[in-house]
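J.: Okay, handing you the structure first.
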Amino acid sequence: MRSIVGDANVLTDPDAMAGYLTDWMGRYHGHADAVIRPRTTAEVADVVGECAAQRIRICVQGGNTGLVGGSVPPPEAPGDDGLILLSTARMTDIDDVDEVGATVGAQAGATIAAIDARAESVGLMFPVDLASRESATAGGVVSTNAGGVRMIRHGNTRAQILGIEAVRADGQVLRRWSPLVKDNVGYDIPGLLAGSEGTLAVITGVLFRLVTAASATVVLVAAHDRVDDAIALIGQAREAGLTVEAAELMTQAGLDLVHEHGTRRPVATPAPYYLLLEVSGAGDPEELVVDLLENGTGIVDAVLEPGPARALWEVRESHTESIARSTTTPVVKLDVSFPIRELPAAVTELEALPGELDFACRPILFGHVGDGNVHVNLLDVPVEHTTEVTDRVFTIVAGHGGSISAEHGIGRAKTAWTHLGRSPVDLAAMRAIKDALDPDGLLNPGVIFG
Ligand SMILES: Cc1cc2nc3c(=O)[nH]c(=O)nc-3n(C[C@H](O)[C@H](O)[C@H](O)COP(=O)(O)OP(=O)(O)OC[C@H]3O[C@@H](n4cnc5c(N)ncnc54)[C@H](O)[C@@H]3O)c2cc1C
């Protein structure tokens, strides 16, 4: 490995490796014999090829902001073969933007913030955006098929991929790199790698499409007594002729928590539910928003600001960090989705869940509700009750026809519950794909399949 990436990029000292072996939440801790930090695709190919020859397992890591434990290796078990953590931290190159085609190529370790800044420098926008933007990487968002705050407008990460470069488990480089929007020659391999969580190949580069940002946006936060009224405001905004750029649900408990950690409250009147909407529209969107707030159902207080309205967004975006800082045990963080019509009943059931448990815990719900996505966070759950609580949440999800993973993936956290989202035949097809592309099971062992 040292001869491939250089001495400085093979870490074996426990202190130097520690940060790579624990996930963002501090919930998952793993073991690796070394952390390897390649700089180029050729180096990745050599590293992976050498691992294949010696049957060494590989855990792939980008920004390590994943929330399902997939970015860190499993703990050491007796009889295990060797395992390296392959970090893309040094693979940060971003190509010049093709302004005519509205595309940009990036190495896997380039951060979302850096790719967006490159797009913005020519008046375009990278359509995937999430609160972890300063650390989350191109390879990470593709591997998790991240959603994020702009999904309601532009689709998930899979929808932004035009081309991909990846190293297969045997070390061969697969490059399908074409700006063609129409190109139906066989299977959609870039689409397959989206959401594969490092189990099928190591992504080394991505060719993304870019979009034009809305010229003027308005951000509003509306406080509601009823969750169905909060959710209905999204449809009312569309009926009023506005384009919904983002739609986020928050609760009083979440606002209290972020306020305790220094974020100001958006409105004076407290209410159980808050909807943050970012909208655009032809003409003067602010006028339409004022009308919307006057006529919207069940609004008890509201505030609006011209975009980007960072202070209003901070209320939403500081949730994840405030939760991590406040919980007394590793947070039980479940990212689920529901059919939109089921959301009000599902949210009510999820909020009532702690009252049915034999121990105290605090629920904080928030999320990209316009996509039916709710992030369920249960704080202070005694560690021995994690599985029970997860089971209870997923039972509610299944009862409403929802998904146990909206956008974070399966990782190590949810492998026991994939049967709730996929039939046996479907799971067998997934397993056959994994076996075909990684016959020795060297890539991200324990992720998705357990
Ligand atoms: C504050 C905060 C907010 C967040 N908000 C959102 C959100 O709105 N929407 C959302 O979807 N997620 C969100 N996340 C989760 C996380 O940021 C995303 O899952 C992100 O896509 C992970 O990117 P990463 O580079 O950090 O990947 P990592 O965490 O390093 O890895 C995630 C998975 O991808 C695999 N992987 C990483 N790089 C590669 C590669 N080059 N090749 C193959 N496999 C690879 C890893 O093995 C792992 O399975 C949030 C996280 C935080 C901390």
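Residues in the structure tokens are numbered from 1 in each chain, the chains being A, B, ... in the order shown, and ligands are numbered from 1 in the order shown.
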Check segment 259-340 of chain A with DSSP on the backbone and list each residue it calls alpha helix (DSSP H), as an NGL selection string.

T.: :A and (259-260 or 285-295 or 310-317 or 319-326)

J.: Might you pull out every residue within 12 Å of Ile189 of chain A, with only C-alpha atoms counted and same-chain residues fewer than 6 positions away left off, and present them as a PyMOL selection string?

T.: chain A and resi 158+161-166+168+174-177+183+195-196+200-201+203+433+437

J.: Those residues you just picked out, can you put them in a file as a compact mmCIF listing (two decimals), in the first residue's frame with all heavy atoms?

T.:
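Output saved as again-v5.txt:
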```
# COMPACT_ATOMS: atom_id res chain seq x y z
N ARG A 158 -29.58 10.48 -7.71
CA ARG A 158 -29.58 9.61 -8.90
C ARG A 158 -30.00 10.39 -10.15
O ARG A 158 -29.46 10.17 -11.24
CB ARG A 158 -30.50 8.42 -8.68
CG ARG A 158 -30.47 7.42 -9.82
CD ARG A 158 -31.38 6.23 -9.57
NE ARG A 158 -30.83 5.30 -8.62
CZ ARG A 158 -31.42 4.93 -7.48
NH1 ARG A 158 -32.59 5.44 -7.14
NH2 ARG A 158 -30.84 4.07 -6.67
N ILE A 161 -27.09 12.35 -12.09
CA ILE A 161 -25.86 11.70 -12.58
C ILE A 161 -25.92 11.47 -14.08
O ILE A 161 -26.83 10.81 -14.58
CB ILE A 161 -25.67 10.33 -11.89
CG1 ILE A 161 -25.69 10.49 -10.37
CG2 ILE A 161 -24.38 9.68 -12.32
CD1 ILE A 161 -25.74 9.15 -9.64
N LEU A 162 -24.93 12.01 -14.79
CA LEU A 162 -24.82 11.73 -16.23
C LEU A 162 -23.75 10.67 -16.49
O LEU A 162 -23.86 9.89 -17.43
CB LEU A 162 -24.48 13.01 -16.98
CG LEU A 162 -25.61 14.04 -17.05
CD1 LEU A 162 -25.08 15.36 -17.56
CD2 LEU A 162 -26.74 13.54 -17.94
N GLY A 163 -22.72 10.68 -15.69
CA GLY A 163 -21.65 9.71 -15.90
C GLY A 163 -20.98 9.33 -14.61
O GLY A 163 -21.12 10.03 -13.60
N ILE A 164 -20.28 8.22 -14.65
CA ILE A 164 -19.62 7.77 -13.42
C ILE A 164 -18.32 7.06 -13.77
O ILE A 164 -18.18 6.47 -14.85
CB ILE A 164 -20.57 6.82 -12.64
CG1 ILE A 164 -20.27 6.93 -11.14
CG2 ILE A 164 -20.47 5.38 -13.09
CD1 ILE A 164 -21.48 6.79 -10.29
N GLU A 165 -17.38 7.17 -12.86
CA GLU A 165 -16.14 6.39 -12.96
C GLU A 165 -16.01 5.64 -11.63
O GLU A 165 -16.17 6.24 -10.57
CB GLU A 165 -14.96 7.34 -13.15
CG GLU A 165 -13.63 6.62 -13.32
CD GLU A 165 -12.49 7.61 -13.31
OE1 GLU A 165 -12.14 8.10 -12.22
OE2 GLU A 165 -11.95 7.89 -14.39
N ALA A 166 -15.77 4.34 -11.71
CA ALA A 166 -15.73 3.55 -10.48
C ALA A 166 -14.74 2.41 -10.65
O ALA A 166 -14.51 1.92 -11.76
CB ALA A 166 -17.11 2.99 -10.17
N ARG A 168 -14.06 -1.39 -9.86
CA ARG A 168 -14.77 -2.62 -9.49
C ARG A 168 -13.97 -3.40 -8.44
O ARG A 168 -12.80 -3.15 -8.23
CB ARG A 168 -14.99 -3.49 -10.74
CG ARG A 168 -15.95 -2.86 -11.72
CD ARG A 168 -16.12 -3.72 -12.94
NE ARG A 168 -16.21 -5.14 -12.57
CZ ARG A 168 -16.67 -6.10 -13.35
NH1 ARG A 168 -17.07 -5.80 -14.57
NH2 ARG A 168 -16.72 -7.35 -12.96
N LEU A 174 -14.16 1.13 -14.35
CA LEU A 174 -15.34 1.21 -15.22
C LEU A 174 -15.65 2.69 -15.40
O LEU A 174 -15.89 3.38 -14.41
CB LEU A 174 -16.52 0.50 -14.53
CG LEU A 174 -17.83 0.33 -15.28
CD1 LEU A 174 -18.63 -0.77 -14.60
CD2 LEU A 174 -18.67 1.58 -15.35
N ARG A 175 -15.60 3.17 -16.63
CA ARG A 175 -15.86 4.60 -16.86
C ARG A 175 -16.96 4.76 -17.87
O ARG A 175 -16.82 4.34 -19.02
CB ARG A 175 -14.57 5.28 -17.33
CG ARG A 175 -14.67 6.80 -17.39
CD ARG A 175 -13.29 7.39 -17.68
NE ARG A 175 -13.39 8.73 -18.23
CZ ARG A 175 -13.34 9.85 -17.52
NH1 ARG A 175 -13.19 9.80 -16.22
NH2 ARG A 175 -13.43 11.03 -18.11
N ARG A 176 -18.08 5.32 -17.47
CA ARG A 176 -19.16 5.66 -18.39
C ARG A 176 -19.40 7.15 -18.21
O ARG A 176 -20.04 7.57 -17.25
CB ARG A 176 -20.42 4.87 -18.07
CG ARG A 176 -21.40 4.92 -19.22
CD ARG A 176 -22.70 4.27 -18.87
NE ARG A 176 -22.70 2.82 -18.91
CZ ARG A 176 -23.82 2.10 -18.75
NH1 ARG A 176 -24.98 2.71 -18.55
NH2 ARG A 176 -23.78 0.79 -18.79
N TRP A 177 -18.83 7.94 -19.07
CA TRP A 177 -18.68 9.37 -18.81
C TRP A 177 -19.16 10.13 -20.03
O TRP A 177 -18.38 10.43 -20.92
CB TRP A 177 -17.20 9.67 -18.55
CG TRP A 177 -16.93 10.96 -17.86
CD1 TRP A 177 -16.68 12.17 -18.45
CD2 TRP A 177 -16.84 11.19 -16.45
NE1 TRP A 177 -16.46 13.12 -17.50
CE2 TRP A 177 -16.54 12.55 -16.26
CE3 TRP A 177 -16.99 10.38 -15.33
CZ2 TRP A 177 -16.39 13.12 -14.98
CZ3 TRP A 177 -16.83 10.94 -14.07
CH2 TRP A 177 -16.53 12.29 -13.92
N ASP A 183 -29.34 8.24 -23.75
CA ASP A 183 -28.27 7.28 -24.02
C ASP A 183 -28.66 5.91 -23.47
O ASP A 183 -28.20 5.49 -22.42
CB ASP A 183 -26.97 7.79 -23.34
CG ASP A 183 -25.77 6.90 -23.63
OD1 ASP A 183 -25.86 6.06 -24.55
OD2 ASP A 183 -24.76 7.03 -22.93
N GLY A 195 -26.99 4.77 -4.53
CA GLY A 195 -27.68 4.06 -3.46
C GLY A 195 -27.05 2.71 -3.14
O GLY A 195 -27.60 1.96 -2.34
N SER A 196 -25.90 2.39 -3.74
CA SER A 196 -25.29 1.07 -3.49
C SER A 196 -24.42 1.07 -2.23
O SER A 196 -23.91 0.02 -1.83
CB SER A 196 -24.49 0.61 -4.70
OG SER A 196 -23.39 1.48 -4.91
N LEU A 200 -20.90 -2.18 -4.18
CA LEU A 200 -20.74 -2.72 -5.54
C LEU A 200 -19.45 -2.27 -6.21
O LEU A 200 -18.94 -2.96 -7.10
CB LEU A 200 -21.93 -2.32 -6.42
CG LEU A 200 -23.32 -2.82 -5.97
CD1 LEU A 200 -24.38 -2.37 -6.97
CD2 LEU A 200 -23.34 -4.33 -5.80
N ALA A 201 -18.94 -1.10 -5.85
CA ALA A 201 -17.73 -0.56 -6.47
C ALA A 201 -17.29 0.66 -5.67
O ALA A 201 -18.07 1.20 -4.89
CB ALA A 201 -18.01 -0.15 -7.92
N ILE A 203 -16.56 4.38 -6.07
CA ILE A 203 -16.77 5.48 -7.02
C ILE A 203 -15.57 6.43 -6.92
O ILE A 203 -15.18 6.82 -5.82
CB ILE A 203 -18.09 6.21 -6.70
CG1 ILE A 203 -19.27 5.27 -6.94
CG2 ILE A 203 -18.23 7.48 -7.54
CD1 ILE A 203 -20.56 5.72 -6.32
N ILE A 433 -26.96 -9.35 -7.72
CA ILE A 433 -26.15 -8.25 -8.29
C ILE A 433 -24.88 -8.08 -7.47
O ILE A 433 -23.77 -7.95 -8.01
CB ILE A 433 -26.98 -6.94 -8.32
CG1 ILE A 433 -28.12 -7.06 -9.34
CG2 ILE A 433 -26.09 -5.74 -8.64
CD1 ILE A 433 -29.15 -5.96 -9.27
N LEU A 437 -20.97 -8.60 -8.92
CA LEU A 437 -19.98 -7.52 -9.01
C LEU A 437 -18.89 -7.64 -7.94
O LEU A 437 -17.82 -7.06 -8.07
CB LEU A 437 -20.67 -6.16 -8.90
CG LEU A 437 -21.57 -5.79 -10.10
CD1 LEU A 437 -22.17 -4.40 -9.92
CD2 LEU A 437 -20.77 -5.84 -11.40
```

J.: Would you list the contacts of segment 269-279 of chain A as a short mmCIF file (atom, residue, chain, number, x, y, z; two decimals) with C-alpha atoms, in the first residue's frame, taking every protein, DNA or RNA residue within 6 Å and counting only C-alpha atoms, but skipping same-chain residues closer than 6 positions in sequence?

T.:
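Generated output (out.cif):
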```cif
data_model
loop_
_atom_site.label_atom_id
_atom_site.label_comp_id
_atom_site.auth_asym_id
_atom_site.auth_seq_id
_atom_site.Cartn_x
_atom_site.Cartn_y
_atom_site.Cartn_z
CA THR A 217 -37.07 33.13 -3.77
CA VAL A 218 -39.05 33.81 -0.61
CA VAL A 219 -38.66 31.76 2.55
CA LEU A 220 -41.50 31.58 5.05
CA VAL A 221 -42.02 29.79 8.33
CA ALA A 222 -45.66 29.28 9.31
CA ALA A 223 -46.72 28.03 12.76
CA HIS A 224 -49.70 25.67 12.92
CA ASP A 225 -51.75 23.96 15.61
CA ALA A 230 -49.01 22.56 7.97
CA THR A 243 -42.95 26.85 -7.35
CA VAL A 244 -41.99 24.96 -4.19
CA GLU A 245 -38.18 24.92 -3.91
CA ALA A 246 -38.10 23.30 -0.44
CA ALA A 247 -40.62 22.24 2.23
CA GLU A 248 -39.53 21.28 5.73
CA LEU A 249 -41.60 20.31 8.75
CA MET A 250 -40.46 21.12 12.29
CA THR A 251 -42.09 20.76 15.71
CA GLN A 252 -42.14 22.81 18.89
#
```

J.: I'd like the contact shell of segment 366-378 of chain A - 6 Å cut-off, only C-alpha atoms, skipping same-chain residues fewer than 2 positions apart - returned as a VMD selection string.

T.: chain A and resid 247 to 250 331 to 340 362 to 364

J.: Could the residues in this selection be saved with C-alpha atoms as a compact mmCIF listing (two decimals), in the first residue's frame?

T.:
```
# COMPACT_ATOMS: atom_id res chain seq x y z
CA ALA A 247 -40.62 22.24 2.23
CA GLU A 248 -39.53 21.28 5.73
CA LEU A 249 -41.60 20.31 8.75
CA MET A 250 -40.46 21.12 12.29
CA VAL A 331 -29.65 9.04 19.30
CA VAL A 332 -31.98 6.56 17.63
CA LYS A 333 -32.18 8.26 14.25
CA LEU A 334 -34.62 6.79 11.75
CA ASP A 335 -35.14 8.36 8.38
CA VAL A 336 -38.51 7.18 7.07
CA SER A 337 -41.06 8.20 4.45
CA PHE A 338 -44.82 7.92 4.03
CA PRO A 339 -47.33 8.43 1.27
CA ILE A 340 -48.26 12.13 1.67
CA ARG A 362 -37.63 12.56 23.84
CA PRO A 363 -38.96 12.46 20.26
CA ILE A 364 -37.90 15.14 17.79
```

J.: Quick one: pull the distance between atom CA of Ala89 of chain A and atom CA of Ala436 of chain A, Å, one decimal.

T.: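 Interatomic distance here is 28.3 Å.
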
J.: Go through segment 42-85 of chain A residue by residue and, counting only C-alpha atoms, keep those with an atom at most 12 Å from segment 7-15 of chain A; for each kept residue give the shortest atom pair and its distance in Å to one decimal, ordered by chain and increasing number, as a Markdown table.

T.:
```
| residue | atom | partner | partner_atom | distance |
| --- | --- | --- | --- | --- |
| A:Glu43 | CA | A:Asn9 | CA | 11.4 |
| A:Val47 | CA | A:Val10 | CA | 11.1 |
| A:Leu83 | CA | A:Thr12 | CA | 11.9 |
| A:Ile84 | CA | A:Val10 | CA | 9.8 |
| A:Leu85 | CA | A:Leu11 | CA | 9.6 |
```

J.: Create the file for the chosen residues now, containing all heavy atoms and written as a PDB file, in the first residue's frame.

T.:
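Writing done, so here's result35.pdb:
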```pdb
ATOM      1  N   GLU A  43      -4.518   5.105  -8.503  1.00  0.00           N
ATOM      2  CA  GLU A  43      -4.100   4.609  -7.182  1.00  0.00           C
ATOM      3  C   GLU A  43      -5.215   3.766  -6.539  1.00  0.00           C
ATOM      4  O   GLU A  43      -4.935   2.724  -5.939  1.00  0.00           O
ATOM      5  CB  GLU A  43      -3.741   5.784  -6.255  1.00  0.00           C
ATOM      6  CG  GLU A  43      -2.413   6.446  -6.637  1.00  0.00           C
ATOM      7  CD  GLU A  43      -2.007   7.592  -5.711  1.00  0.00           C
ATOM      8  OE1 GLU A  43      -2.675   7.830  -4.680  1.00  0.00           O
ATOM      9  OE2 GLU A  43      -1.008   8.259  -6.040  1.00  0.00           O
ATOM     10  N   VAL A  47      -4.876  -0.065  -5.345  1.00  0.00           N
ATOM     11  CA  VAL A  47      -5.185  -0.460  -3.959  1.00  0.00           C
ATOM     12  C   VAL A  47      -6.232  -1.580  -3.965  1.00  0.00           C
ATOM     13  O   VAL A  47      -6.069  -2.625  -3.313  1.00  0.00           O
ATOM     14  CB  VAL A  47      -5.705   0.756  -3.143  1.00  0.00           C
ATOM     15  CG1 VAL A  47      -6.319   0.298  -1.818  1.00  0.00           C
ATOM     16  CG2 VAL A  47      -4.585   1.768  -2.899  1.00  0.00           C
ATOM     17  N   LEU A  83      -8.720  -5.848   6.847  1.00  0.00           N
ATOM     18  CA  LEU A  83      -9.658  -4.836   6.338  1.00  0.00           C
ATOM     19  C   LEU A  83      -8.964  -3.483   6.309  1.00  0.00           C
ATOM     20  O   LEU A  83      -8.307  -3.096   7.286  1.00  0.00           O
ATOM     21  CB  LEU A  83     -10.901  -4.757   7.232  1.00  0.00           C
ATOM     22  CG  LEU A  83     -12.021  -3.824   6.752  1.00  0.00           C
ATOM     23  CD1 LEU A  83     -13.388  -4.359   7.144  1.00  0.00           C
ATOM     24  CD2 LEU A  83     -11.863  -2.391   7.252  1.00  0.00           C
ATOM     25  N   ILE A  84      -9.114  -2.772   5.187  1.00  0.00           N
ATOM     26  CA  ILE A  84      -8.609  -1.396   5.139  1.00  0.00           C
ATOM     27  C   ILE A  84      -9.783  -0.439   5.005  1.00  0.00           C
ATOM     28  O   ILE A  84     -10.838  -0.795   4.471  1.00  0.00           O
ATOM     29  CB  ILE A  84      -7.643  -1.156   3.962  1.00  0.00           C
ATOM     30  CG1 ILE A  84      -8.342  -1.404   2.617  1.00  0.00           C
ATOM     31  CG2 ILE A  84      -6.380  -1.992   4.113  1.00  0.00           C
ATOM     32  CD1 ILE A  84      -7.746  -0.636   1.476  1.00  0.00           C
ATOM     33  N   LEU A  85      -9.592   0.775   5.510  1.00  0.00           N
ATOM     34  CA  LEU A  85     -10.551   1.839   5.240  1.00  0.00           C
ATOM     35  C   LEU A  85      -9.959   2.683   4.123  1.00  0.00           C
ATOM     36  O   LEU A  85      -8.837   3.195   4.256  1.00  0.00           O
ATOM     37  CB  LEU A  85     -10.801   2.686   6.480  1.00  0.00           C
ATOM     38  CG  LEU A  85     -11.904   3.724   6.282  1.00  0.00           C
ATOM     39  CD1 LEU A  85     -12.752   3.857   7.542  1.00  0.00           C
ATOM     40  CD2 LEU A  85     -11.372   5.080   5.863  1.00  0.00           C
TER      41      LEU A  85
END
```

J.: A:Leu365, A:Ala34, A:Ala16, A:Ile448: which is nearest ligand 1, counting only C-alpha atoms and all ligand atoms?

T.: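 That would be A:Ile448, the residue with the smallest distance to ligand 1.
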
J.: Using only C-alpha atoms and all ligand atoms, pick whichever of A:Gly355, A:Gly262, A:Gly241, A:Gly69 has the shortest atom-to-atom distance to ligand 1.

T.: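 Ranked by minimum distance to ligand 1, first place goes to A:Gly69.
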
J.: Apply DSSP to the backbone of this structure and, from segment 377-447 of chain A, keep only the residues in strand (DSSP E or B); write these as a list in words.

T.: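 Everything in segment 377-447 of chain A that counts as strand (DSSP E or B) is Asn377, Leu378, Leu379, Ser403 and Leu443 of chain A.
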